[in-house]
$ cat coords-v7.cif   # mmCIF, C-alpha atoms
data_target
loop_
_atom_site.label_atom_id
_atom_site.label_comp_id
_atom_site.auth_asym_id
_atom_site.auth_seq_id
_atom_site.Cartn_x
_atom_site.Cartn_y
_atom_site.Cartn_z
CA MET A 325 -20.31 -0.08 -6.27
CA VAL A 326 -16.70 -0.82 -5.32
CA ASN A 327 -14.22 -0.02 -8.09
CA ASN A 328 -11.55 -2.68 -8.66
CA GLN A 329 -8.89 -0.15 -9.80
CA LYS A 330 -9.38 1.99 -6.69
CA SER A 331 -9.32 -1.13 -4.55
CA ALA A 332 -6.06 -2.23 -6.17
CA GLU A 333 -4.54 1.22 -5.57
CA LYS A 334 -5.61 1.12 -1.92
CA LEU A 335 -4.18 -2.39 -1.54
CA LEU A 336 -0.89 -1.16 -2.99
CA LYS A 337 -0.74 1.89 -0.73
CA GLU A 338 -1.71 0.00 2.43
CA GLY A 339 0.62 -2.86 1.53
CA GLU A 340 3.54 -0.45 1.21
CA LYS A 341 2.72 1.09 4.60
CA THR A 342 2.47 -2.35 6.18
CA GLU A 343 5.74 -3.50 4.68
CA LEU A 344 7.48 -0.31 5.80
CA TYR A 345 6.09 -0.64 9.32
CA PHE A 346 7.22 -4.24 9.74
CA SER A 347 10.61 -3.41 8.24
CA SER A 348 11.07 -0.68 10.86
CA LEU A 349 10.58 -2.92 13.89
CA MET A 350 13.48 -3.62 16.19
CA GLU A 351 14.53 -7.21 16.72
CA HIS A 352 13.14 -7.48 20.26
CA GLU A 353 9.74 -6.15 19.18
CA TRP A 354 9.04 -9.19 17.01
CA GLN A 355 8.69 -11.32 20.16
CA ILE A 356 6.07 -9.08 21.80
CA CYS A 357 2.78 -10.91 22.28
CA VAL A 358 -0.23 -9.33 20.64
CA TYR A 359 -2.93 -11.96 21.22
CA PHE A 360 -3.34 -14.37 24.12
CA ASP A 361 -6.28 -16.56 23.14
CA LYS A 362 -5.91 -20.33 22.73
CA LYS A 363 -2.64 -19.65 20.89
CA GLU A 364 -0.32 -16.78 21.68
CA TRP A 365 0.53 -14.68 18.66
CA GLN A 366 3.65 -12.58 18.64
CA ILE A 367 4.13 -9.77 16.13
CA LYS A 368 5.87 -12.18 13.79
CA ASP A 369 2.74 -14.36 13.88
CA VAL A 370 0.55 -11.41 12.93
CA LEU A 371 2.64 -10.87 9.80
CA ALA A 372 2.43 -14.60 9.03
CA HIS A 373 -1.34 -14.31 9.46
CA PHE A 374 -1.50 -11.46 6.93
CA ILE A 375 0.25 -13.66 4.39
CA SER A 376 -1.70 -16.86 5.01
CA ALA A 377 -5.05 -15.05 5.14
CA GLU A 378 -4.38 -13.15 1.93
CA LYS A 379 -3.33 -16.32 0.11
CA ALA A 380 -6.50 -18.04 1.31
CA PHE A 381 -8.59 -15.01 0.31
CA LEU A 382 -7.31 -15.29 -3.26
CA VAL A 383 -8.54 -18.89 -3.45
CA LEU A 384 -11.83 -17.96 -1.79
CA PHE A 385 -12.40 -14.91 -3.99
CA ASP A 386 -11.66 -16.84 -7.16
CA ASN A 387 -14.20 -19.43 -6.04
CA ILE A 388 -16.78 -16.68 -5.53
CA LYS A 389 -15.96 -15.08 -8.87
CA LYS A 390 -16.32 -18.36 -10.77
CA TYR A 391 -19.03 -20.19 -8.84
CA GLY A 392 -20.67 -17.73 -6.41
CA LEU A 393 -19.95 -19.96 -3.44
CA GLY A 394 -17.41 -19.09 -0.76
CA SER A 395 -16.44 -20.69 2.52
CA PRO A 396 -18.55 -23.47 4.04
CA GLU A 397 -20.92 -22.56 6.90
CA ASP A 398 -19.02 -24.78 9.35
CA PHE A 399 -15.60 -23.32 8.50
CA SER A 400 -13.65 -22.52 11.68
CA ILE A 401 -11.74 -19.33 10.96
CA ASN A 402 -9.79 -19.46 14.25
CA GLU A 403 -8.65 -23.04 13.71
CA PHE A 404 -7.63 -22.24 10.16
CA ASN A 405 -5.73 -19.08 11.14
CA ASN A 406 -3.89 -20.79 13.98
CA SER A 407 -2.93 -23.78 11.82
CA GLN A 408 -1.62 -21.56 9.03
CA VAL A 409 0.40 -19.35 11.38
CA GLU A 410 1.88 -22.47 12.99
CA LYS A 411 3.04 -23.69 9.56
CA MET A 412 5.00 -20.43 9.11
CA LYS A 413 6.73 -20.41 12.54
CA ASP A 414 10.16 -21.29 11.14
CA ILE A 415 10.24 -18.66 8.39
CA GLU A 416 12.74 -15.88 9.04
CA ILE A 417 11.38 -12.36 9.54
CA ALA A 418 13.10 -10.95 6.45
CA ASP A 419 11.60 -13.77 4.39
CA LEU A 420 8.14 -13.11 5.83
CA ILE A 421 8.39 -9.47 4.80
CA LYS A 422 9.38 -10.52 1.26
CA LEU A 423 6.56 -13.07 1.20
CA PHE A 424 4.08 -10.39 2.27
CA HIS A 425 5.29 -8.21 -0.60
CA VAL A 426 4.91 -11.04 -3.14
CA THR A 427 1.50 -12.08 -1.79
CA ARG A 428 0.18 -8.51 -1.88
CA ALA A 429 1.45 -8.10 -5.47
CA GLN A 430 -0.46 -11.27 -6.44
CA THR A 431 -3.60 -9.91 -4.79
CA ILE A 432 -3.29 -6.57 -6.57
CA ASN A 433 -2.74 -8.34 -9.88
CA TRP A 434 -5.82 -10.49 -9.30
CA VAL A 435 -7.97 -7.49 -8.33
CA ASN A 436 -6.78 -5.55 -11.40
CA GLY A 437 -8.02 -8.43 -13.55
CA LEU A 438 -11.58 -8.21 -12.24
CA ALA A 439 -14.42 -6.78 -14.30
CA LYS A 440 -16.83 -4.30 -12.69
CA GLU A 441 -19.54 -6.94 -12.54
CA ASP A 442 -17.20 -9.35 -10.71
CA MET A 443 -17.03 -6.92 -7.78
CA GLU A 444 -20.81 -7.30 -7.38
CA LYS A 445 -20.81 -11.10 -7.17
CA THR A 446 -21.68 -12.49 -3.76
CA GLY A 447 -20.46 -15.41 -1.72
CA ARG A 448 -19.78 -16.44 1.83
CA HIS A 449 -16.80 -14.87 3.61
CA PRO A 450 -15.68 -16.74 6.75
CA ALA A 451 -15.93 -13.63 8.96
CA MET A 452 -18.32 -11.35 7.07
CA GLY A 453 -20.89 -13.94 6.04
CA GLU A 454 -22.68 -13.35 2.75
CA ALA A 455 -21.08 -10.34 1.05
CA LYS A 456 -20.13 -8.84 -2.28
CA LEU A 457 -16.70 -9.60 -3.64
CA GLY A 458 -15.85 -5.89 -3.77
CA GLU A 459 -16.55 -5.55 -0.05
CA MET A 460 -14.41 -8.61 0.68
CA VAL A 461 -11.49 -7.11 -1.26
CA LYS A 462 -11.85 -3.91 0.74
CA MET A 463 -11.84 -5.97 3.94
CA ILE A 464 -8.29 -7.19 3.20
CA TYR A 465 -6.68 -3.87 4.03
CA LEU A 466 -9.21 -3.04 6.76
CA HIS A 467 -8.44 -6.41 8.38
CA ASN A 468 -4.72 -5.65 8.33
CA GLN A 469 -5.25 -2.13 9.70
CA MET A 470 -7.17 -3.58 12.64
CA HIS A 471 -4.39 -6.03 13.46
CA LEU A 472 -1.71 -3.36 13.01
CA GLN A 473 -3.52 -1.20 15.54
CA ASP A 474 -3.32 -4.11 18.01
CA VAL A 475 0.39 -4.55 17.21
CA ARG A 476 1.08 -0.86 17.88
CA SER A 477 -0.86 -1.02 21.14
CA SER A 478 1.10 -4.08 22.25
CA ILE A 479 4.40 -2.35 21.51
CA ASN A 480 3.28 0.75 23.42
CA ILE A 481 2.26 -1.36 26.43
CA TYR A 482 5.57 -3.24 26.31
CA ASP A 483 7.55 0.01 26.03
CA GLY A 484 5.59 1.51 28.93
CA LYS A 485 6.33 -1.50 31.13
CA GLN A 486 10.03 -1.31 30.23
CA LYS A 487 10.15 2.37 31.22
CA ASN A 488 8.46 1.56 34.53
CA ILE A 489 10.95 -1.21 35.22
CA GLN A 490 13.83 1.13 34.41
CA ALA A 491 12.39 3.80 36.72
CA ILE A 492 12.00 1.30 39.57
CA ASN A 493 15.55 0.03 39.09
CA THR A 494 16.88 3.61 38.99
CA ASP A 495 15.13 4.46 42.26
CA LYS A 496 16.84 1.62 44.18
#
$ encode --input "coords-v7.cif" --output "structure tokens"
Amino acid sequence: MVNNQKSAEKLLKEGEKTELYFSSLMEHEWQICVYFDKKEWQIKDVLAHFISAEKAFLVLFDNIKKYGLGSPEDFSINEFNNSQVEKMKDIEIADLIKLFHVTRAQTINWVNGLAKEDMEKTGRHPAMGEAKLGEMVKMIYLHNQMHLQDVRSSINIYDGKQKNIQAINTDK
């Protein structure tokens, strides 16, 4: 059984790490592309995705807590994510970081208000399918960790290419 207090503590800890990481990025790093599917997502878009997904999760989770439902079977997670990120394109980076902080605080507050039995309620998660609410809460920080790993990899690839370009230009 997933414990809501431990989940809230983990959300706090991982949220602080995430906020610190994004706050440490250099200006040029925010434009590095991380994903190249139908829509290109830069690092800024990944942070916007964290915010929009977490806000949507709160609505979804409350629905599961109250009614045991969840997302519809035909819900397109990619369309939703892309549309929400697009809506946040004009928000300044500093404001996105603040918005992440506020959104995570709301999530932690909501999780702290859950009873033990709430964590066992089931519903449909758009990516996980039928799952317990406690597992869905846990997935919030695991989801972000996965994307942060992709962000770090993208920065490392970019930095490696820049070093190669500098080496080539130095050799001329």
$ atom_distance --input "coords-v7.cif" --atom1 "atom CA of A:Gln366" --atom2 "atom CA of A:Gly339"
19.9 Å
$ residues_near_point --input "coords-v7.cif" --point "(-4.6, -14.9, 8.3)" --cutoff "10 Å" --atoms "all atoms listed in the file" --output "VMD selection string"
chain A and resid 369 to 381 401 to 402 404 to 409 464 467 to 468
$ resolve_selection --input "coords-v7.cif" --expression "the PyMOL selection byres ((chain A and resi 389) around 9)" --output "PyMOL selection string"
chain A and resi 384-388+390-393+438+442-443+445-447+457
$ write_last_selection --input "coords-v7.cif" --atoms "C-alpha atoms" --output "short mmCIF file (atom, residue, chain, number, x, y, z; two decimals), in the coordinates of the input"
data_model
loop_
_atom_site.label_atom_id
_atom_site.label_comp_id
_atom_site.auth_asym_id
_atom_site.auth_seq_id
_atom_site.Cartn_x
_atom_site.Cartn_y
_atom_site.Cartn_z
CA LEU A 384 -11.83 -17.96 -1.79
CA PHE A 385 -12.40 -14.91 -3.99
CA ASP A 386 -11.66 -16.84 -7.16
CA ASN A 387 -14.20 -19.43 -6.04
CA ILE A 388 -16.78 -16.68 -5.53
CA LYS A 390 -16.32 -18.36 -10.77
CA TYR A 391 -19.03 -20.19 -8.84
CA GLY A 392 -20.67 -17.73 -6.41
CA LEU A 393 -19.95 -19.96 -3.44
CA LEU A 438 -11.58 -8.21 -12.24
CA ASP A 442 -17.20 -9.35 -10.71
CA MET A 443 -17.03 -6.92 -7.78
CA LYS A 445 -20.81 -11.10 -7.17
CA THR A 446 -21.68 -12.49 -3.76
CA GLY A 447 -20.46 -15.41 -1.72
CA LEU A 457 -16.70 -9.60 -3.64
#
$ closest_residue --input "coords-v7.cif" --among "A:Ile421, A:Gly437, A:Ser477, A:Pro396" --to "A:Thr342" --atoms "all atoms listed in the file"
A:Ile421
$ atom_distance --input "coords-v7.cif" --atom1 "atom CA of A:Trp354" --atom2 "atom CA of A:Ile367"
5.0 Å
$ atom_distance --input "coords-v7.cif" --atom1 "atom CA of A:Trp365" --atom2 "atom CA of A:Glu353"
12.6 Å
$ closest_residue --input "coords-v7.cif" --among "A:Val461, A:Met350, A:Ile479, A:Met412" --to "A:Val326" --atoms "all atoms listed in the file"
A:Val461
$ closest_residue --input "coords-v7.cif" --among "A:His471, A:Lys362, A:Lys337, A:Lys368" --to "A:Ile417" --atoms "all atoms listed in the file"
A:Lys368
$ resolve_selection --input "coords-v7.cif" --expression "the PyMOL selection byres ((chain A and resi 462) around 10)" --output "list in words"
Val326, Asn327, Asn328, Lys330, Ser331, Ala332, Lys334, Leu335, Leu457, Gly458, Glu459, Met460, Val461, Met463, Ile464, Tyr465, Leu466 and His467 of chain A
$ residues_near_point --input "coords-v7.cif" --point "(6.0, -4.9, 1.5)" --cutoff "10 Å" --atoms "all atoms listed in the file" --output "list in words"
Leu336, Lys337, Glu338, Gly339, Glu340, Lys341, Thr342, Glu343, Leu344, Tyr345, Phe346, Ser347, Leu420, Ile421, Lys422, Leu423, Phe424, His425, Val426, Thr427, Arg428 and Ala429 of chain A
$ axis_aligned_box --input "coords-v7.cif" --around "stretch 384-396 of chain A" --padding-each-side "8 Å" --output "AutoDock Vina command-line options"
--center_x -16.2 --center_y -19.2 --center_z -3.4 --size_x 25.0 --size_y 24.6 --size_z 30.8
$ closest_residue --input "coords-v7.cif" --among "A:Ile356, A:Glu441, A:Ser400, A:Thr431" --to "A:Asp483" --atoms "all atoms listed in the file"
A:Ile356
$ closest_residue --input "coords-v7.cif" --among "A:Glu397, A:Gln329, A:Arg476, A:Glu364" --to "A:Glu454" --atoms "all atoms listed in the file"
A:Glu397
$ closest_residue --input "coords-v7.cif" --among "A:Leu382, A:Asp414, A:Phe399, A:Val475" --to "A:Gln430" --atoms "all atoms listed in the file"
A:Leu382
$ decode --input "coords-v7.cif" --residues "stretch 381-437 of chain A" --atoms "C-alpha atoms" --output "PDB file, in the first residue's frame"
ATOM      1  CA  PHE A 381      -3.430  15.019 -12.895  1.00  0.00           C
ATOM      2  CA  LEU A 382      -5.001  16.880  -9.969  1.00  0.00           C
ATOM      3  CA  VAL A 383      -8.313  17.064 -11.824  1.00  0.00           C
ATOM      4  CA  LEU A 384      -8.023  13.429 -12.921  1.00  0.00           C
ATOM      5  CA  PHE A 385      -7.054  12.183  -9.458  1.00  0.00           C
ATOM      6  CA  ASP A 386      -9.888  14.068  -7.797  1.00  0.00           C
ATOM      7  CA  ASN A 387     -12.264  12.469 -10.290  1.00  0.00           C
ATOM      8  CA  ILE A 388     -10.906   9.032  -9.384  1.00  0.00           C
ATOM      9  CA  LYS A 389     -11.099   9.764  -5.664  1.00  0.00           C
ATOM     10  CA  LYS A 390     -14.719  10.914  -5.861  1.00  0.00           C
ATOM     11  CA  TYR A 391     -16.162   8.753  -8.642  1.00  0.00           C
ATOM     12  CA  GLY A 392     -13.664   5.975  -9.451  1.00  0.00           C
ATOM     13  CA  LEU A 393     -13.544   6.947 -13.104  1.00  0.00           C
ATOM     14  CA  GLY A 394     -10.511   8.530 -14.730  1.00  0.00           C
ATOM     15  CA  SER A 395      -9.656   9.460 -18.284  1.00  0.00           C
ATOM     16  CA  PRO A 396     -11.799   8.253 -21.194  1.00  0.00           C
ATOM     17  CA  GLU A 397     -10.537   5.283 -23.241  1.00  0.00           C
ATOM     18  CA  ASP A 398     -10.230   7.421 -26.386  1.00  0.00           C
ATOM     19  CA  PHE A 399      -8.230  10.183 -24.675  1.00  0.00           C
ATOM     20  CA  SER A 400      -5.217  11.179 -26.795  1.00  0.00           C
ATOM     21  CA  ILE A 401      -2.417  11.917 -24.358  1.00  0.00           C
ATOM     22  CA  ASN A 402      -0.053  13.217 -27.061  1.00  0.00           C
ATOM     23  CA  GLU A 403      -2.620  15.631 -28.485  1.00  0.00           C
ATOM     24  CA  PHE A 404      -3.455  16.863 -25.007  1.00  0.00           C
ATOM     25  CA  ASN A 405       0.194  17.322 -24.011  1.00  0.00           C
ATOM     26  CA  ASN A 406       1.075  19.161 -27.211  1.00  0.00           C
ATOM     27  CA  SER A 407      -1.948  21.465 -26.952  1.00  0.00           C
ATOM     28  CA  GLN A 408      -1.194  22.338 -23.328  1.00  0.00           C
ATOM     29  CA  VAL A 409       2.493  23.025 -23.990  1.00  0.00           C
ATOM     30  CA  GLU A 410       1.522  25.230 -26.937  1.00  0.00           C
ATOM     31  CA  LYS A 411      -0.735  27.298 -24.647  1.00  0.00           C
ATOM     32  CA  MET A 412       2.270  28.007 -22.394  1.00  0.00           C
ATOM     33  CA  LYS A 413       4.729  29.037 -25.153  1.00  0.00           C
ATOM     34  CA  ASP A 414       4.667  32.735 -24.244  1.00  0.00           C
ATOM     35  CA  ILE A 415       5.273  32.324 -20.517  1.00  0.00           C
ATOM     36  CA  GLU A 416       8.698  33.528 -19.412  1.00  0.00           C
ATOM     37  CA  ILE A 417      11.111  30.937 -18.009  1.00  0.00           C
ATOM     38  CA  ALA A 418      11.252  32.517 -14.546  1.00  0.00           C
ATOM     39  CA  ASP A 419       7.457  32.487 -14.430  1.00  0.00           C
ATOM     40  CA  LEU A 420       7.365  28.832 -15.497  1.00  0.00           C
ATOM     41  CA  ILE A 421       9.701  27.933 -12.650  1.00  0.00           C
ATOM     42  CA  LYS A 422       7.449  29.796 -10.188  1.00  0.00           C
ATOM     43  CA  LEU A 423       4.385  28.121 -11.683  1.00  0.00           C
ATOM     44  CA  PHE A 424       6.017  24.708 -11.283  1.00  0.00           C
ATOM     45  CA  HIS A 425       6.658  25.520  -7.618  1.00  0.00           C
ATOM     46  CA  VAL A 426       3.043  26.591  -7.044  1.00  0.00           C
ATOM     47  CA  THR A 427       1.627  23.603  -8.936  1.00  0.00           C
ATOM     48  CA  ARG A 428       3.788  21.134  -7.011  1.00  0.00           C
ATOM     49  CA  ALA A 429       2.732  22.742  -3.709  1.00  0.00           C
ATOM     50  CA  GLN A 430      -0.925  22.273  -4.713  1.00  0.00           C
ATOM     51  CA  THR A 431      -0.251  18.626  -5.560  1.00  0.00           C
ATOM     52  CA  ILE A 432       1.487  18.012  -2.241  1.00  0.00           C
ATOM     53  CA  ASN A 433      -1.364  19.690  -0.379  1.00  0.00           C
ATOM     54  CA  TRP A 434      -3.893  17.531  -2.218  1.00  0.00           C
ATOM     55  CA  VAL A 435      -1.938  14.320  -1.537  1.00  0.00           C
ATOM     56  CA  ASN A 436      -1.590  15.232   2.152  1.00  0.00           C
ATOM     57  CA  GLY A 437      -5.381  15.463   2.335  1.00  0.00           C
TER      58      GLY A 437
END
